[in-house]
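Trainee: This is the structure, below, for whatever I ask next.
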Amino acid sequence: MSFLQVKNLYKKIGSNDVLKDINIELEKGGFLVLVGPSGCGKSTLLNAIAGLMPLTSGEISIDGQVINDLHPSKRDIAMVFQSYALYPNMTVEENIGFALEMRGVEKAARAAAIRNVAKTLQIEHLLDRRPSQLSGGQRQRVAMGRALVRQPRVFLFDEPLSNLDAKLRVEMRAEIKRLHHKTHATIIYVTHDQIEAMTLATKIVVLKEGVIQQVGTPAEIYNRPANLFVADFMGSPAMNMFKGSVVTTNGVREIEILDNNTRVAMPSSVADQDLPDGKEIILGLRPEGITDEGLVDPTVVSMAKIEADVTLVEPTGSDTFVIAKLDGTNFVGRVRADVSIAPDQRFTFVFNLDKAVLFDPSSGLRLV
Amino acid sequence: MSAATETVSGGSARTARIVIYALLLVLAAVYLLPLYVMLTTSLKPLDEIRAGDMLALPRQPSLASWYKAWGEACIGVTCEGIKGYFWNSIKMVVPAVAISTILGALNGYVLTKWRFPGHKLVFGLMLFACFIPFQAVLIPMARVLGIFGLANSTAGLIFVHVVYGLGFTTLFFRNYYEAFPDELVKAAMIDGAGFFKIFWRILLPNSGPIIVVTVIYQFTNIWNDFLFGVSFSSGGASPMTVALNNLVSSSTGVKEYNVDMAAAVFAALPTLLVYIVAGRYFVRGLMAGAVKG
Ligand SMILES: Nc1ncnc2c1ncn2[C@@H]1O[C@H](COP(=O)(O)OP(=O)(O)OP(=O)(O)O)[C@@H](O)[C@H]1O
Ligand SMILES: [Mg+2]
């Protein structure tokens, strides 16, 4: 039995179906990340779990207890908001202690708990300040402190890092991960940053227009996306998509891509032996599956060498993204930083077909 | 050549500025003139006033007429000055302002953070109350006060002013709270604060500017009100404005302009004081409300 369970949850706002048949299970100590584009219903789902808005139908339970009708304060959850929602009229100390005060914890115990949390988050020197006197990163810490101090059963985070600059975001991301590792808290975390999702999650839920697209570990979501939407949404630069079709020559099934001029082997991710000849497919391959010859994975089973015209080179320092064109199709590859490569040059890429996946163009689902 | 155009345009800009300042000074002088006449007249003895030059500074300034206006002037049949009426007004204004402000804040809180079906209609009706002219409610109000047994009492006047002011105070607070982040309320809810705790601990402490605006607005309106005062009170229960009118229109013996003016100064003093103390928050608060809502 999982610790947190959402069953057949529907949420209608006005005539708008914001959430449709949401089913989620999370084990104790799990870190579930909800990702999806803006407006897909992430905050709505979080608010529903927090009890801040009524459900249209469905059931939410924590530790076997249905909490649908419990007031937010009785659910034993804490939430960190995107805007942090620190009380502007209170000091940091009062902000962190407010929930304890409301629950009638006496002053001495409160002070001890606050000090403890402040120490963990290294904000002891800020306790007397007001939120307006803090930097963005410090506010973020205080918001976390306010959640941590209660030691709730479940933490809800709504895009807690989206207001920070890039460097701070990476730091705080690491800090949240460390905190989770240390406290084994059960966390639901909303973001639309797929790197945050990949690095933090034990389980990712991809949402689109209020419908769950896929639930899985970061590796599953990344390597075996359930459909074209997930494949495109997760990963940056996005997965390359090649239109093509199935052909069989001399009893060997292959994939014809790039205006039917190039043939590659059937990817090993497809077990189905019954794909008919001429079936239209989309072959997906991430940029790191398209490399220079020197970067080829020595354990690769199936690969193809393909020559293409380089149109753009984007060095990132650690390696270089190359945008190339072949027979009217653009794709992105990732090559070593020290390979000399320039636009308008013809370059031999290696396609690692062990990493390729196939999709059905009409349904968008991955072929297995 | 470019230097020449620069001086020309610089010169015309300066001229424009001089014109603007001169105009502002003149208008300010016109606006302040009555206050000046009121103050100087109140400090002059009667024979100086009879000399006829209204704008002259007092030659022998004295506070005698102030003392008289405060403690001895005759209003109606009693000759105890305006002090009793001054306190009447204070006793009316303070509770009326406090109650209408608190209720307005509560209304604004409910109308923005605890929305219920029909909240727009309720707010619309309250807004409508702002546009009902005083005169239209006099007779129904008199009847209501009669039924409640509040006729001709300070409590009755407080009631009238609270009811009449509620539309305005609700409007002020609703617009202010409309821009107040919902997430703070949600956070407090999760933290375990109830309806009144959230209002008292989260909303109110962050309402400084709008409280100032509302208090100033209500204080000035209620203190300066004459119509309700003259309609719903009489004799010793009258507020300051009504007493001032009675003082000026009492025709026993010589007309003492200096005493009348001194009484008028007393009548204007509290509102002036409120503006001086809190005026800059007034402007700031109006701006804060204007940004969103
Ligand atoms: N009060 C409301 N009335 C009507 N529609 C609403 C309301 N609140 C949210 N919605 C709609 O519900 C959908 C989901 O909103 P939600 O805030 O959950 O999105 P989100 O996934 O959190 O997006 P973001 O990443 O931008 O925060 C949106 O299409 C939004 O327009
Ligand atoms: Mg959101």
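In the structure tokens, chains take letters A, B, ... by order of appearance, with residues numbered from 1 within each chain and ligands from 1 in the order shown.
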Which residues sit within 8 Å of ligand 1, counting only C-alpha atoms and all ligand atoms, listed as a PDB file with C-alpha atoms, in the first residue's frame?

Mentor:
ATOM      1  CA  ILE A  13     -13.338  24.809 -12.850  1.00  0.00           C
ATOM      2  CA  GLY A  14     -16.365  26.366 -14.449  1.00  0.00           C
ATOM      3  CA  ASN A  16     -13.145  23.717 -17.916  1.00  0.00           C
ATOM      4  CA  ASP A  17     -11.873  20.183 -17.158  1.00  0.00           C
ATOM      5  CA  VAL A  18      -8.599  21.113 -15.526  1.00  0.00           C
ATOM      6  CA  LEU A  19      -7.703  17.627 -14.244  1.00  0.00           C
ATOM      7  CA  GLY A  36       4.249  19.679 -17.742  1.00  0.00           C
ATOM      8  CA  PRO A  37       3.855  22.835 -19.758  1.00  0.00           C
ATOM      9  CA  SER A  38       2.312  25.992 -18.338  1.00  0.00           C
ATOM     10  CA  GLY A  39      -1.379  25.692 -17.620  1.00  0.00           C
ATOM     11  CA  CYS A  40      -1.512  21.892 -17.621  1.00  0.00           C
ATOM     12  CA  GLY A  41      -2.915  21.749 -14.090  1.00  0.00           C
ATOM     13  CA  LYS A  42       0.133  21.176 -11.905  1.00  0.00           C
ATOM     14  CA  SER A  43      -0.689  23.852  -9.357  1.00  0.00           C
ATOM     15  CA  THR A  44      -4.316  22.789  -9.374  1.00  0.00           C
ATOM     16  CA  LEU A  45      -3.350  19.226  -8.486  1.00  0.00           C
ATOM     17  CA  LEU A  46      -1.066  20.436  -5.720  1.00  0.00           C
ATOM     18  CA  ASP A 158       5.111  24.529  -6.232  1.00  0.00           C
ATOM     19  CA  GLU A 159       7.951  25.637  -8.522  1.00  0.00           C
ATOM     20  CA  VAL A 190       6.062  20.825  -9.254  1.00  0.00           C
ATOM     21  CA  THR A 191       8.318  22.267 -11.907  1.00  0.00           C
ATOM     22  CA  HIS A 192       8.388  22.865 -15.593  1.00  0.00           C
ATOM     23  CA  GLU A 209      -3.803  19.418 -20.443  1.00  0.00           C
ATOM     24  CA  GLY A 210      -4.871  17.772 -17.203  1.00  0.00           C
TER      25      GLY A 210
END

Trainee: Excluding same-chain residues fewer than 6 positions from range 118-130 of chain A, what lies within 12 Å of it counting only C-alpha atoms, as number ranges by chain?

Mentor: A: 86-97, 111-112, 137-149, 172, 175-176, 178-179, 182-183

Trainee: Kindly determine which residues of chain B lie within 8 Å of chain A, considering only C-alpha atoms, and give the answer as an MDAnalysis selection string.

Mentor: chainID B and resid 181 183:184 186:193 202 205:206

Trainee: Could you give me, as a VMD selection string, the residues within 9 Å of Trp66 in chain B, counting only C-alpha atoms and dropping anything in the same chain fewer than 3 positions from it?

Mentor: chain B and resid 42 to 43 62 to 63 69 to 71 258 to 259 261 to 263 265 to 266

Trainee: For the selection you just gave me, I'd like the residues written to a file as an mmCIF file, in the first residue's frame, keeping N, CA and C atoms.

Mentor:
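Here's the written file result_35.cif:
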data_model
loop_
_atom_site.group_PDB
_atom_site.id
_atom_site.type_symbol
_atom_site.label_atom_id
_atom_site.label_comp_id
_atom_site.auth_asym_id
_atom_site.auth_seq_id
_atom_site.Cartn_x
_atom_site.Cartn_y
_atom_site.Cartn_z
ATOM 1 N N SER B 42 -10.330 85.722 14.034
ATOM 2 C CA SER B 42 -10.550 85.138 15.358
ATOM 3 C C SER B 42 -9.603 85.738 16.395
ATOM 4 N N LEU B 43 -8.488 86.307 15.925
ATOM 5 C CA LEU B 43 -7.511 86.869 16.856
ATOM 6 C C LEU B 43 -7.713 88.368 17.105
ATOM 7 N N SER B 62 -5.249 88.588 20.282
ATOM 8 C CA SER B 62 -5.546 87.996 21.588
ATOM 9 C C SER B 62 -6.365 86.725 21.392
ATOM 10 N N LEU B 63 -6.251 85.831 22.346
ATOM 11 C CA LEU B 63 -6.976 84.563 22.266
ATOM 12 C C LEU B 63 -8.309 84.636 22.999
ATOM 13 N N ALA B 69 -15.356 81.307 22.742
ATOM 14 C CA ALA B 69 -16.000 80.323 21.873
ATOM 15 C C ALA B 69 -15.998 78.950 22.535
ATOM 16 N N TRP B 70 -14.903 78.612 23.151
ATOM 17 C CA TRP B 70 -14.760 77.281 23.757
ATOM 18 C C TRP B 70 -15.660 77.113 24.969
ATOM 19 N N GLY B 71 -15.697 78.163 25.855
ATOM 20 C CA GLY B 71 -16.356 77.938 27.143
ATOM 21 C C GLY B 71 -17.540 78.813 27.498
ATOM 22 N N ASN B 258 -15.491 87.526 15.693
ATOM 23 C CA ASN B 258 -14.270 86.860 16.155
ATOM 24 C C ASN B 258 -14.572 85.565 16.887
ATOM 25 N N VAL B 259 -15.654 85.556 17.662
ATOM 26 C CA VAL B 259 -16.030 84.326 18.370
ATOM 27 C C VAL B 259 -16.502 83.261 17.373
ATOM 28 N N MET B 261 -15.596 82.967 14.318
ATOM 29 C CA MET B 261 -14.420 82.454 13.601
ATOM 30 C C MET B 261 -13.605 81.509 14.475
ATOM 31 N N ALA B 262 -13.474 81.875 15.740
ATOM 32 C CA ALA B 262 -12.721 81.001 16.645
ATOM 33 C C ALA B 262 -13.412 79.648 16.746
ATOM 34 N N ALA B 263 -14.720 79.645 16.829
ATOM 35 C CA ALA B 263 -15.463 78.380 16.890
ATOM 36 C C ALA B 263 -15.249 77.580 15.607
ATOM 37 N N VAL B 265 -12.624 77.696 13.763
ATOM 38 C CA VAL B 265 -11.279 77.121 13.823
ATOM 39 C C VAL B 265 -11.309 75.817 14.609
ATOM 40 N N PHE B 266 -12.004 75.843 15.749
ATOM 41 C CA PHE B 266 -12.112 74.601 16.536
ATOM 42 C C PHE B 266 -12.751 73.485 15.710
#

Trainee: List every residue of range 74-192 of chain B that DSSP, applied to the backbone, labels as helix (DSSP H, G or I), and write the result as JSON, numbers by chain.

Mentor: {"B": [83, 84, 85, 86, 87, 88, 89, 90, 91, 92, 93, 94, 95, 96, 97, 98, 99, 100, 101, 102, 103, 104, 105, 106, 107, 108, 109, 110, 111, 112, 113, 119, 120, 121, 122, 123, 124, 125, 126, 127, 128, 129, 130, 134, 135, 136, 137, 138, 139, 140, 141, 142, 143, 144, 145, 146, 147, 148, 154, 155, 156, 157, 158, 159, 160, 161, 162, 163, 164, 165, 166, 167, 168, 169, 170, 171, 172, 173, 174, 175, 176, 177, 178, 182, 183, 184, 185, 186, 187, 188, 189, 190]}

Trainee: Using backbone DSSP assignments, extract all strand (DSSP E or B) residues from range 61-117 of chain A; output them as a ChimeraX atom specification.

Mentor: /A:61-62,65-66,77-80

Trainee: Could you turn the residues from that selection into a file that holds N, CA and C atoms, as an mmCIF file, in the first residue's frame?

Mentor:
data_model
loop_
_atom_site.group_PDB
_atom_site.id
_atom_site.type_symbol
_atom_site.label_atom_id
_atom_site.label_comp_id
_atom_site.auth_asym_id
_atom_site.auth_seq_id
_atom_site.Cartn_x
_atom_site.Cartn_y
_atom_site.Cartn_z
ATOM 1 N N SER A 61 -5.713 9.956 -0.431
ATOM 2 C CA SER A 61 -5.468 9.409 0.901
ATOM 3 C C SER A 61 -3.990 9.454 1.242
ATOM 4 N N ILE A 62 -3.714 9.638 2.525
ATOM 5 C CA ILE A 62 -2.352 9.603 3.025
ATOM 6 C C ILE A 62 -2.297 8.528 4.091
ATOM 7 N N GLN A 65 -5.440 6.796 5.075
ATOM 8 C CA GLN A 65 -6.585 7.573 5.557
ATOM 9 C C GLN A 65 -7.058 8.524 4.454
ATOM 10 N N VAL A 66 -8.325 8.444 4.127
ATOM 11 C CA VAL A 66 -8.868 9.348 3.106
ATOM 12 C C VAL A 66 -8.944 10.753 3.692
ATOM 13 N N ILE A 77 0.323 18.412 6.122
ATOM 14 C CA ILE A 77 1.158 18.630 4.966
ATOM 15 C C ILE A 77 1.724 20.043 5.054
ATOM 16 N N ALA A 78 2.811 20.294 4.367
ATOM 17 C CA ALA A 78 3.341 21.658 4.311
ATOM 18 C C ALA A 78 3.567 21.993 2.850
ATOM 19 N N MET A 79 3.404 23.262 2.535
ATOM 20 C CA MET A 79 3.515 23.645 1.134
ATOM 21 C C MET A 79 4.481 24.817 0.997
ATOM 22 N N VAL A 80 5.328 24.749 -0.017
ATOM 23 C CA VAL A 80 6.206 25.873 -0.346
ATOM 24 C C VAL A 80 5.712 26.452 -1.664
#

Trainee: So, with only C-alpha atoms and all ligand atoms as the atoms that count, which of A:Leu353, A:Leu34, A:Ala337, A:Ala271 lies closest to ligand 2?

Mentor: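 Checking each of A:Leu353, A:Leu34, A:Ala337, A:Ala271 against ligand 2, counting only C-alpha atoms and all ligand atoms, the winner is A:Leu34.
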
Trainee: Smallest atom-to-atom distance to ligand 2: which of A:Val230, A:Val35, A:Leu70, A:Met239, using only C-alpha atoms and all ligand atoms?

Mentor: A:Val35

Trainee: List the neighbours of range 276-278 of chain B out to 12 Å using only C-alpha atoms; skip same-chain residues closer than 5 positions along the sequence, and give me the result as a list in words.

Mentor: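 Final neighbour list, sorted by chain and number: Gly208, Pro209, Ile210, Ile211, Val212, Val213, Thr214, Val215, Ile216, Tyr217, Phe219, Leu269, Pro270, Thr271, Val283, Arg284 and Gly285 of chain B.
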
Trainee: Could you please take those selected residues and save N, CA, C and O atoms as a compact mmCIF listing (two decimals), in the first residue's frame?

Mentor:
# COMPACT_ATOMS: atom_id res chain seq x y z
N GLY B 208 -1.79 48.76 6.45
CA GLY B 208 -1.51 50.11 6.93
C GLY B 208 -2.00 51.22 6.01
O GLY B 208 -2.83 52.05 6.42
N PRO B 209 -1.54 51.26 4.76
CA PRO B 209 -1.91 52.38 3.89
C PRO B 209 -3.42 52.52 3.70
O PRO B 209 -3.94 53.63 3.75
N ILE B 210 -4.11 51.41 3.52
CA ILE B 210 -5.53 51.52 3.22
C ILE B 210 -6.31 51.87 4.49
O ILE B 210 -7.35 52.53 4.43
N ILE B 211 -5.81 51.45 5.65
CA ILE B 211 -6.46 51.85 6.91
C ILE B 211 -6.36 53.36 7.05
O ILE B 211 -7.34 54.03 7.39
N VAL B 212 -5.18 53.89 6.75
CA VAL B 212 -5.01 55.35 6.86
C VAL B 212 -5.96 56.07 5.92
O VAL B 212 -6.65 57.01 6.30
N VAL B 213 -6.03 55.61 4.68
CA VAL B 213 -6.93 56.24 3.71
C VAL B 213 -8.37 56.22 4.23
O VAL B 213 -9.07 57.23 4.23
N THR B 214 -8.79 55.06 4.68
CA THR B 214 -10.17 54.91 5.12
C THR B 214 -10.46 55.78 6.33
O THR B 214 -11.49 56.45 6.41
N VAL B 215 -9.53 55.77 7.28
CA VAL B 215 -9.75 56.55 8.50
C VAL B 215 -9.83 58.04 8.16
O VAL B 215 -10.73 58.74 8.63
N ILE B 216 -8.92 58.52 7.34
CA ILE B 216 -8.96 59.94 6.98
C ILE B 216 -10.28 60.26 6.28
O ILE B 216 -10.96 61.23 6.61
N TYR B 217 -10.63 59.42 5.33
CA TYR B 217 -11.84 59.68 4.55
C TYR B 217 -13.06 59.69 5.44
O TYR B 217 -13.88 60.62 5.40
N PHE B 219 -13.18 59.96 8.76
CA PHE B 219 -13.08 60.99 9.80
C PHE B 219 -13.54 62.33 9.24
O PHE B 219 -14.38 63.01 9.83
N LEU B 269 -10.17 72.16 13.26
CA LEU B 269 -8.89 71.69 13.78
C LEU B 269 -8.67 70.17 13.66
O LEU B 269 -7.62 69.74 13.17
N PRO B 270 -9.61 69.34 14.11
CA PRO B 270 -9.34 67.89 14.09
C PRO B 270 -9.05 67.35 12.69
O PRO B 270 -8.11 66.57 12.52
N THR B 271 -9.83 67.79 11.70
CA THR B 271 -9.58 67.26 10.35
C THR B 271 -8.23 67.73 9.83
O THR B 271 -7.49 66.97 9.21
N VAL B 283 -2.01 59.84 0.28
CA VAL B 283 -1.64 59.81 -1.13
C VAL B 283 -1.06 58.44 -1.48
O VAL B 283 -1.43 57.81 -2.45
N ARG B 284 -0.15 57.96 -0.60
CA ARG B 284 0.48 56.68 -0.87
C ARG B 284 -0.55 55.56 -0.93
O ARG B 284 -0.50 54.69 -1.80
N GLY B 285 -1.50 55.60 -0.01
CA GLY B 285 -2.54 54.57 0.04
C GLY B 285 -3.42 54.60 -1.19
O GLY B 285 -3.74 53.56 -1.76
